[in-house]
file query_33.tsv (TSV, C-alpha atoms)
chain	number	residue	atom	x	y	z
A	1311	MET	CA	-16.29	-19.33	9.28
A	1312	THR	CA	-13.94	-22.28	9.24
A	1313	THR	CA	-11.14	-21.47	6.87
A	1314	GLU	CA	-7.47	-21.74	6.21
A	1315	ASN	CA	-6.50	-18.25	7.29
A	1316	ASN	CA	-3.79	-16.70	5.11
A	1317	VAL	CA	-2.26	-13.61	6.67
A	1318	SER	CA	-0.25	-11.31	4.43
A	1319	ASN	CA	2.14	-8.63	5.57
A	1320	SER	CA	2.35	-7.31	2.00
A	1321	ASN	CA	6.07	-8.16	2.29
A	1322	GLU	CA	6.85	-4.70	3.67
A	1323	THR	CA	8.00	-5.97	7.07
A	1324	GLN	CA	10.70	-8.04	5.35
A	1325	ASP	CA	12.48	-4.96	4.06
A	1326	THR	CA	14.44	-4.48	7.26
A	1327	GLN	CA	15.22	-8.20	7.51
A	1328	GLU	CA	16.88	-8.26	4.12
A	1329	GLN	CA	19.39	-5.63	5.16
A	1330	GLY	CA	21.27	-8.42	6.90
A	1331	ASN	CA	22.08	-10.00	3.53
A	1332	VAL	CA	24.18	-7.02	2.37
A	1333	SER	CA	26.64	-4.66	4.00
A	1334	GLU	CA	25.41	-1.42	5.49
A	1335	ALA	CA	27.21	0.56	2.79
A	1336	GLU	CA	25.63	-1.49	0.02
A	1337	PHE	CA	22.21	-1.11	1.63
A	1338	ARG	CA	22.62	2.68	1.77
A	1339	GLN	CA	23.62	2.69	-1.91
A	1340	VAL	CA	20.48	0.79	-2.85
A	1341	VAL	CA	18.32	3.18	-0.84
A	1342	GLN	CA	19.98	6.20	-2.45
A	1343	ALA	CA	19.61	4.72	-5.93
A	1344	LEU	CA	15.91	4.01	-5.38
A	1345	HIS	CA	15.36	7.54	-4.10
A	1346	GLU	CA	17.11	9.09	-7.11
A	1347	ASN	CA	15.37	6.78	-9.59
A	1348	GLY	CA	12.02	7.64	-8.02
A	1349	LEU	CA	12.66	11.35	-8.42
A	1350	LYS	CA	13.79	10.88	-12.04
A	1351	ALA	CA	10.73	8.78	-12.86
A	1352	LEU	CA	8.29	11.31	-11.44
A	1353	ARG	CA	10.10	14.29	-12.96
A	1354	PHE	CA	9.86	12.55	-16.32
A	1355	LYS	CA	6.07	12.30	-15.97
A	1356	PHE	CA	5.63	15.69	-14.30
A	1357	GLU	CA	8.29	17.70	-16.10
A	1358	ASP	CA	6.46	21.02	-15.62
A	1359	GLU	CA	5.79	20.49	-11.92
A	1360	GLN	CA	7.95	20.63	-8.81
A	1361	VAL	CA	8.89	17.16	-7.55
A	1362	ASP	CA	10.51	16.53	-4.17
A	1363	GLY	CA	11.13	13.44	-2.09
A	1364	GLN	CA	12.69	12.06	1.04
A	1365	VAL	CA	13.47	8.73	2.67
A	1366	LEU	CA	12.08	7.94	6.11
A	1367	ASN	CA	13.32	5.02	8.19
A	1368	HIS	CA	10.43	3.16	9.80
A	1369	GLU	CA	11.15	0.80	12.68
A	1370	VAL	CA	8.90	-1.90	11.22
A	1371	TYR	CA	8.96	-1.34	7.45
A	1372	GLY	CA	12.49	-0.03	7.01
A	1373	PRO	CA	13.06	2.73	4.42
A	1374	ILE	CA	9.88	4.40	3.19
A	1375	PHE	CA	10.16	6.67	0.16
A	1376	THR	CA	7.82	9.65	0.15
A	1377	PHE	CA	7.39	12.00	-2.81
A	1378	LYS	CA	5.55	15.30	-3.21
A	1379	ILE	CA	4.40	17.03	-6.37
A	1380	GLU	CA	3.40	20.69	-6.42
A	1381	THR	CA	1.46	21.63	-9.55
A	1382	LYS	CA	1.23	24.97	-11.29
A	1383	ASP	CA	-2.32	25.46	-10.06
A	1384	GLY	CA	-1.09	25.31	-6.47
A	1385	GLY	CA	-2.07	21.75	-5.62
A	1386	LYS	CA	0.25	19.71	-3.44
A	1387	TYR	CA	0.08	15.92	-3.56
A	1388	ALA	CA	2.12	13.35	-1.64
A	1389	THR	CA	2.33	9.60	-1.41
A	1390	GLY	CA	4.84	7.00	-0.31
A	1391	PHE	CA	6.24	3.63	-1.30
A	1392	PHE	CA	7.80	0.73	0.56
A	1393	MET	CA	11.32	-0.30	-0.37
A	1394	ARG	CA	10.37	-3.78	-1.56
A	1395	GLU	CA	7.75	-2.55	-4.01
A	1396	LEU	CA	10.09	0.08	-5.47
A	1397	LEU	CA	12.81	-2.54	-5.91
A	1398	HIS	CA	10.37	-4.86	-7.62
A	1399	THR	CA	9.04	-2.07	-9.83
A	1400	PHE	CA	12.41	-0.82	-11.05
A	1401	GLN	CA	13.63	-4.37	-11.64
A	1402	ASN	CA	10.55	-5.82	-13.33
A	1403	ASN	CA	8.17	-3.10	-14.51
A	1404	GLU	CA	8.61	-1.98	-18.12
A	1405	ASP	CA	7.46	1.56	-17.21
A	1406	PRO	CA	8.23	2.38	-13.56
A	1407	ALA	CA	7.46	6.06	-14.17
A	1408	LEU	CA	3.94	5.21	-15.30
A	1409	TRP	CA	3.39	2.99	-12.26
A	1410	MET	CA	4.60	5.63	-9.79
A	1411	SER	CA	2.78	8.50	-11.46
A	1412	SER	CA	-0.51	6.56	-11.45
A	1413	PHE	CA	-0.79	7.03	-7.68
A	1414	PHE	CA	-0.47	10.80	-8.10
A	1415	PHE	CA	-3.01	10.91	-10.90
A	1416	GLU	CA	-5.46	9.16	-8.59
A	1417	LEU	CA	-4.80	11.77	-5.89
A	1418	MET	CA	-5.26	14.59	-8.38
A	1419	ASP	CA	-8.45	13.21	-9.88
A	1420	GLY	CA	-11.23	15.50	-8.72
A	1421	ASN	CA	-8.87	17.40	-6.41
A	1422	GLU	CA	-7.21	19.79	-8.86
A	1423	GLY	CA	-5.66	22.75	-7.07
A	1424	LYS	CA	-6.19	21.19	-3.65
A	1425	ASP	CA	-3.72	19.77	-1.17
A	1426	LYS	CA	-3.57	16.00	-0.68
A	1427	LEU	CA	-0.55	15.73	1.59
A	1428	LEU	CA	0.22	12.79	3.86
A	1429	PRO	CA	-2.33	12.43	6.68
A	1430	MET	CA	-1.34	13.17	10.24
A	1431	PRO	CA	-0.55	9.91	12.07
A	1432	PRO	CA	-2.77	9.07	15.06
A	1433	GLN	CA	-1.30	10.48	18.25
A	1434	SER	CA	-2.79	7.97	20.67
A	1435	GLU	CA	-4.27	4.49	20.84
A	1436	ASP	CA	-7.74	6.01	20.92
A	1437	GLU	CA	-7.06	7.96	17.72
A	1438	ALA	CA	-5.65	4.84	16.06
A	1439	LYS	CA	-8.72	2.83	17.09
A	1440	ALA	CA	-11.03	5.55	15.77
A	1441	LEU	CA	-9.12	5.59	12.47
A	1442	ILE	CA	-9.53	1.82	12.13
A	1443	ASP	CA	-13.17	1.62	13.29
A	1444	ASN	CA	-14.57	4.74	11.66
A	1445	VAL	CA	-12.50	5.14	8.51
A	1446	ILE	CA	-10.38	2.23	7.34
A	1447	VAL	CA	-12.62	-0.76	8.09
A	1448	PRO	CA	-15.84	0.80	6.69
A	1449	TYR	CA	-13.95	1.97	3.61
A	1450	CYS	CA	-12.36	-1.43	2.99
A	1451	ALA	CA	-15.66	-3.27	3.49
A	1452	LYS	CA	-17.47	-0.97	1.06
A	1453	THR	CA	-14.68	-1.08	-1.53
A	1454	LEU	CA	-14.24	-4.85	-1.42
A	1455	ARG	CA	-17.96	-5.49	-1.85
A	1456	GLU	CA	-18.13	-3.02	-4.73
A	1457	GLU	CA	-15.18	-4.78	-6.39
A	1458	PHE	CA	-17.03	-8.13	-6.28
A	1459	PRO	CA	-20.70	-7.15	-6.65
A	1460	ASP	CA	-21.79	-10.66	-7.68
A	1461	GLU	CA	-20.25	-12.33	-4.61
A	1462	GLN	CA	-21.12	-12.35	-0.94
A	1463	VAL	CA	-17.94	-10.90	0.57
A	1464	TYR	CA	-17.21	-11.56	4.23
A	1465	VAL	CA	-15.33	-8.73	6.01
A	1466	ASP	CA	-14.54	-8.73	9.72
A	1467	LEU	CA	-11.87	-8.03	12.31
A	1468	ASP	CA	-10.04	-10.90	13.98
A	1469	LEU	CA	-7.06	-11.53	16.27
A	1470	HIS	CA	-4.28	-13.58	14.71
A	1471	GLU	CA	-1.97	-15.50	17.04
A	1472	GLU	CA	1.21	-14.35	15.28
A	1473	HIS	CA	0.27	-11.08	13.56
A	1474	GLY	CA	-2.12	-9.55	16.10
A	1475	PRO	CA	-5.28	-7.69	15.01
A	1476	VAL	CA	-6.12	-8.29	11.37
A	1477	LEU	CA	-8.86	-7.44	8.91
A	1478	GLU	CA	-10.22	-10.52	7.17
A	1479	ALA	CA	-12.03	-10.67	3.86
A	1480	GLY	CA	-13.27	-13.65	1.92
A	1481	PHE	CA	-15.95	-15.27	-0.17
A	1482	THR	CA	-18.71	-17.14	1.66
A	1483	GLY	CA	-19.49	-19.01	-1.55
A	1484	ILE	CA	-16.12	-20.78	-1.45
A	1485	THR	CA	-16.36	-23.57	1.11
A	1486	ASP	CA	-13.41	-25.82	0.26
A	1487	GLY	CA	-9.86	-24.75	1.05
A	1488	ASN	CA	-8.69	-21.21	1.63
A	1489	ASN	CA	-11.38	-18.58	1.15
A	1490	ILE	CA	-10.07	-15.72	3.30
A	1491	CYS	CA	-7.17	-13.28	3.10
A	1492	ALA	CA	-6.18	-11.18	6.08
A	1493	LEU	CA	-4.00	-8.13	6.57
A	1494	PRO	CA	-2.62	-6.81	9.88
A	1495	LEU	CA	-4.23	-3.55	10.92
A	1496	HIS	CA	-0.84	-1.82	11.15
A	1497	VAL	CA	-0.31	-2.52	7.43
A	1498	LEU	CA	-3.69	-0.97	6.58
A	1499	ILE	CA	-2.83	2.08	8.67
A	1500	ALA	CA	0.56	2.36	6.94
A	1501	HIS	CA	-1.10	2.41	3.52
A	1502	PHE	CA	-3.62	5.01	4.65
A	1503	LEU	CA	-0.88	7.26	6.08
A	1504	LEU	CA	0.98	7.08	2.76
A	1505	ASN	CA	-2.11	8.22	0.84
A	1506	ARG	CA	-2.38	4.71	-0.56
A	1507	ASP	CA	-5.59	2.74	-0.91
A	1508	PRO	CA	-5.73	0.38	2.12
A	1509	ALA	CA	-8.23	-1.85	0.33
A	1510	GLU	CA	-5.96	-2.48	-2.68
A	1511	PRO	CA	-3.74	-5.24	-1.16
A	1512	MET	CA	-6.87	-7.03	0.09
A	1513	ILE	CA	-8.47	-6.78	-3.36
A	1514	GLN	CA	-5.34	-8.38	-4.82
A	1515	GLY	CA	-5.54	-11.11	-2.18
A	1516	LEU	CA	-9.16	-11.87	-3.04
A	1517	TYR	CA	-8.33	-12.07	-6.75
A	1518	ARG	CA	-5.57	-14.56	-5.92
A	1519	ILE	CA	-8.08	-16.67	-3.99
A	1520	ARG	CA	-10.44	-16.68	-6.98
A	1521	GLU	CA	-7.55	-17.65	-9.24
A	1522	GLU	CA	-6.59	-20.52	-6.90
A	1523	HIS	CA	-10.13	-21.85	-7.17
A	1524	GLY	CA	-10.27	-21.50	-10.95
A	1525	LEU	CA	-12.83	-18.72	-10.87
A	1526	GLU	CA	-12.99	-15.89	-13.38
A	1527	ALA	CA	-11.14	-12.68	-12.50
call {"tool": "encode", "arguments": {"input": "query_33.tsv", "output": "structure tokens"}}
result
Amino acid sequence: MTTENNVSNSNETQDTQEQGNVSEAEFRQVVQALHENGLKALRFKFEDEQVDGQVLNHEVYGPIFTFKIETKDGGKYATGFFMRELLHTFQNNEDPALWMSSFFFELMDGNEGKDKLLPMPPQSEDEAKALIDNVIVPYCAKTLREEFPDEQVYVDLDLHEEHGPVLEAGFTGITDGNNICALPLHVLIAHFLLNRDPAEPMIQGLYRIREEHGLEA
């Protein structure tokens, strides 16, 4: 397909770059404040459950905030958030607690009393390739096509000159201008390892494409 290929990094890789705009002490204060606000937000929504959290420093994405909720029925659920999205949420969302808790409600749905902790990261290139080929790509393809059942959705792997291996998705029915969004595979893996839906940022990208072309949501 001949297209204008938009590649999104979901903005997460810019988190570490923005540290250069503030002092190290100020950056640490922001990280600490986000961590504490995240705990408060989740404890507000899950006041009868045990809520814990920690901040991990990723070499690509910068600070990643992971939270765990242990329910009274013994279920343990964990997910994580990138610094940029937490900043945006606490600055712009009218109900950050509702937004954060929604990810846990999704994990709990149909899994009451079970553990849904963070997946084990792949330990080798072969394991990472198997995760992409056998889990993430089939899941994203199925989910994207179910999201747009009335469209012919193109989904395929490609190699981007700047961003490396990417997963592309687009609408074959759109022939003028940009009709494809793409996400680096490492971003998809990061979402999966945080118990986040790897298809969600691509779904948002496809909705933006439809909006650009004046199509109904």
call {"tool": "atom_distance", "arguments": {"input": "query_33.tsv", "atom1": "atom CA of Ala1407 of chain A", "atom2": "atom CA of Phe1354 of chain A"}}
result
7.2 Å
call {"tool": "atom_distance", "arguments": {"input": "query_33.tsv", "atom1": "atom CA of Gln1364 of chain A", "atom2": "atom CA of Glu1510 of chain A"}}
result
23.9 Å
call {"tool": "atom_distance", "arguments": {"input": "query_33.tsv", "atom1": "atom CA of Glu1456 of chain A", "atom2": "atom CA of Asp1436 of chain A"}}
result
29.1 Å
call {"tool": "closest_atom_pairs", "arguments": {"input": "query_33.tsv", "of": "segment 1487-1522 of chain A", "to": "segment 1372-1395 of chain A", "cutoff": "7 Å", "atoms": "all atoms listed in the file", "output": "tab-separated table"}}
result
residue	atom	partner	partner_atom	distance
A:Leu1504	CA	A:Gly1390	CA	4.9
A:Asn1505	CA	A:Thr1389	CA	5.2
A:Arg1506	CA	A:Thr1389	CA	6.8
call {"tool": "residues_around", "arguments": {"input": "query_33.tsv", "residues": "segment 1475-1488 of chain A", "least_positions_apart": "2", "cutoff": "8 Å", "atoms": "only C-alpha atoms", "output": "PyMOL selection string"}}
result
chain A and resi 1313-1316+1447+1461-1470+1473+1490-1495+1512+1516+1519
call {"tool": "build_atoms", "arguments": {"input": "query_33.tsv", "residues": "segment 1490-1522 of chain A", "atoms": "N, CA and C atoms", "output": "compact mmCIF listing (two decimals), in the coordinates of the input"}}
result
# COMPACT_ATOMS: atom_id res chain seq x y z
N ILE A 1490 -10.22 -17.00 2.59
CA ILE A 1490 -10.07 -15.72 3.30
C ILE A 1490 -8.64 -15.22 3.18
N CYS A 1491 -8.47 -13.93 2.94
CA CYS A 1491 -7.17 -13.28 3.10
C CYS A 1491 -7.29 -12.32 4.27
N ALA A 1492 -6.17 -12.06 4.92
CA ALA A 1492 -6.18 -11.18 6.08
C ALA A 1492 -4.95 -10.30 6.05
N LEU A 1493 -5.10 -9.09 6.55
CA LEU A 1493 -4.00 -8.13 6.57
C LEU A 1493 -3.94 -7.50 7.96
N PRO A 1494 -2.74 -7.45 8.57
CA PRO A 1494 -2.62 -6.81 9.88
C PRO A 1494 -3.08 -5.35 9.83
N LEU A 1495 -3.70 -4.91 10.90
CA LEU A 1495 -4.23 -3.55 10.92
C LEU A 1495 -3.12 -2.52 10.76
N HIS A 1496 -1.92 -2.81 11.27
CA HIS A 1496 -0.84 -1.82 11.15
C HIS A 1496 -0.44 -1.62 9.69
N VAL A 1497 -0.61 -2.66 8.86
CA VAL A 1497 -0.31 -2.52 7.43
C VAL A 1497 -1.35 -1.63 6.77
N LEU A 1498 -2.63 -1.82 7.13
CA LEU A 1498 -3.69 -0.97 6.58
C LEU A 1498 -3.47 0.49 6.96
N ILE A 1499 -3.10 0.71 8.22
CA ILE A 1499 -2.83 2.08 8.67
C ILE A 1499 -1.66 2.68 7.90
N ALA A 1500 -0.61 1.87 7.68
CA ALA A 1500 0.56 2.36 6.94
C ALA A 1500 0.17 2.80 5.53
N HIS A 1501 -0.65 2.02 4.85
CA HIS A 1501 -1.10 2.41 3.52
C HIS A 1501 -1.90 3.71 3.57
N PHE A 1502 -2.79 3.80 4.53
CA PHE A 1502 -3.62 5.01 4.65
C PHE A 1502 -2.75 6.24 4.89
N LEU A 1503 -1.74 6.12 5.75
CA LEU A 1503 -0.88 7.26 6.08
C LEU A 1503 0.05 7.65 4.93
N LEU A 1504 0.18 6.77 3.95
CA LEU A 1504 0.98 7.08 2.76
C LEU A 1504 0.11 7.54 1.59
N ASN A 1505 -1.15 7.84 1.89
CA ASN A 1505 -2.11 8.22 0.84
C ASN A 1505 -2.27 7.11 -0.19
N ARG A 1506 -2.17 5.88 0.29
CA ARG A 1506 -2.38 4.71 -0.56
C ARG A 1506 -3.72 4.08 -0.20
N ASP A 1507 -4.30 3.38 -1.14
CA ASP A 1507 -5.59 2.74 -0.91
C ASP A 1507 -5.42 1.51 -0.02
N PRO A 1508 -5.93 1.53 1.23
CA PRO A 1508 -5.73 0.38 2.12
C PRO A 1508 -6.47 -0.86 1.65
N ALA A 1509 -7.48 -0.69 0.81
CA ALA A 1509 -8.23 -1.85 0.33
C ALA A 1509 -7.51 -2.58 -0.80
N GLU A 1510 -6.58 -1.91 -1.48
CA GLU A 1510 -5.96 -2.48 -2.68
C GLU A 1510 -5.25 -3.81 -2.42
N PRO A 1511 -4.40 -3.94 -1.37
CA PRO A 1511 -3.74 -5.24 -1.16
C PRO A 1511 -4.74 -6.35 -0.83
N MET A 1512 -5.86 -6.01 -0.20
CA MET A 1512 -6.87 -7.03 0.09
C MET A 1512 -7.62 -7.43 -1.19
N ILE A 1513 -7.85 -6.46 -2.06
CA ILE A 1513 -8.47 -6.78 -3.36
C ILE A 1513 -7.57 -7.75 -4.12
N GLN A 1514 -6.27 -7.48 -4.13
CA GLN A 1514 -5.34 -8.38 -4.82
C GLN A 1514 -5.37 -9.77 -4.20
N GLY A 1515 -5.47 -9.82 -2.86
CA GLY A 1515 -5.54 -11.11 -2.18
C GLY A 1515 -6.79 -11.89 -2.55
N LEU A 1516 -7.92 -11.20 -2.67
CA LEU A 1516 -9.16 -11.87 -3.04
C LEU A 1516 -9.12 -12.37 -4.49
N TYR A 1517 -8.48 -11.60 -5.37
CA TYR A 1517 -8.33 -12.07 -6.75
C TYR A 1517 -7.45 -13.32 -6.80
N ARG A 1518 -6.42 -13.37 -5.95
CA ARG A 1518 -5.57 -14.56 -5.92
C ARG A 1518 -6.36 -15.78 -5.44
N ILE A 1519 -7.25 -15.57 -4.46
CA ILE A 1519 -8.08 -16.67 -3.99
C ILE A 1519 -8.98 -17.19 -5.12
N ARG A 1520 -9.58 -16.26 -5.86
CA ARG A 1520 -10.44 -16.68 -6.98
C ARG A 1520 -9.62 -17.44 -8.04
N GLU A 1521 -8.41 -16.98 -8.26
CA GLU A 1521 -7.55 -17.65 -9.24
C GLU A 1521 -7.20 -19.07 -8.76
N GLU A 1522 -6.92 -19.20 -7.46
CA GLU A 1522 -6.59 -20.52 -6.90
C GLU A 1522 -7.74 -21.50 -7.07
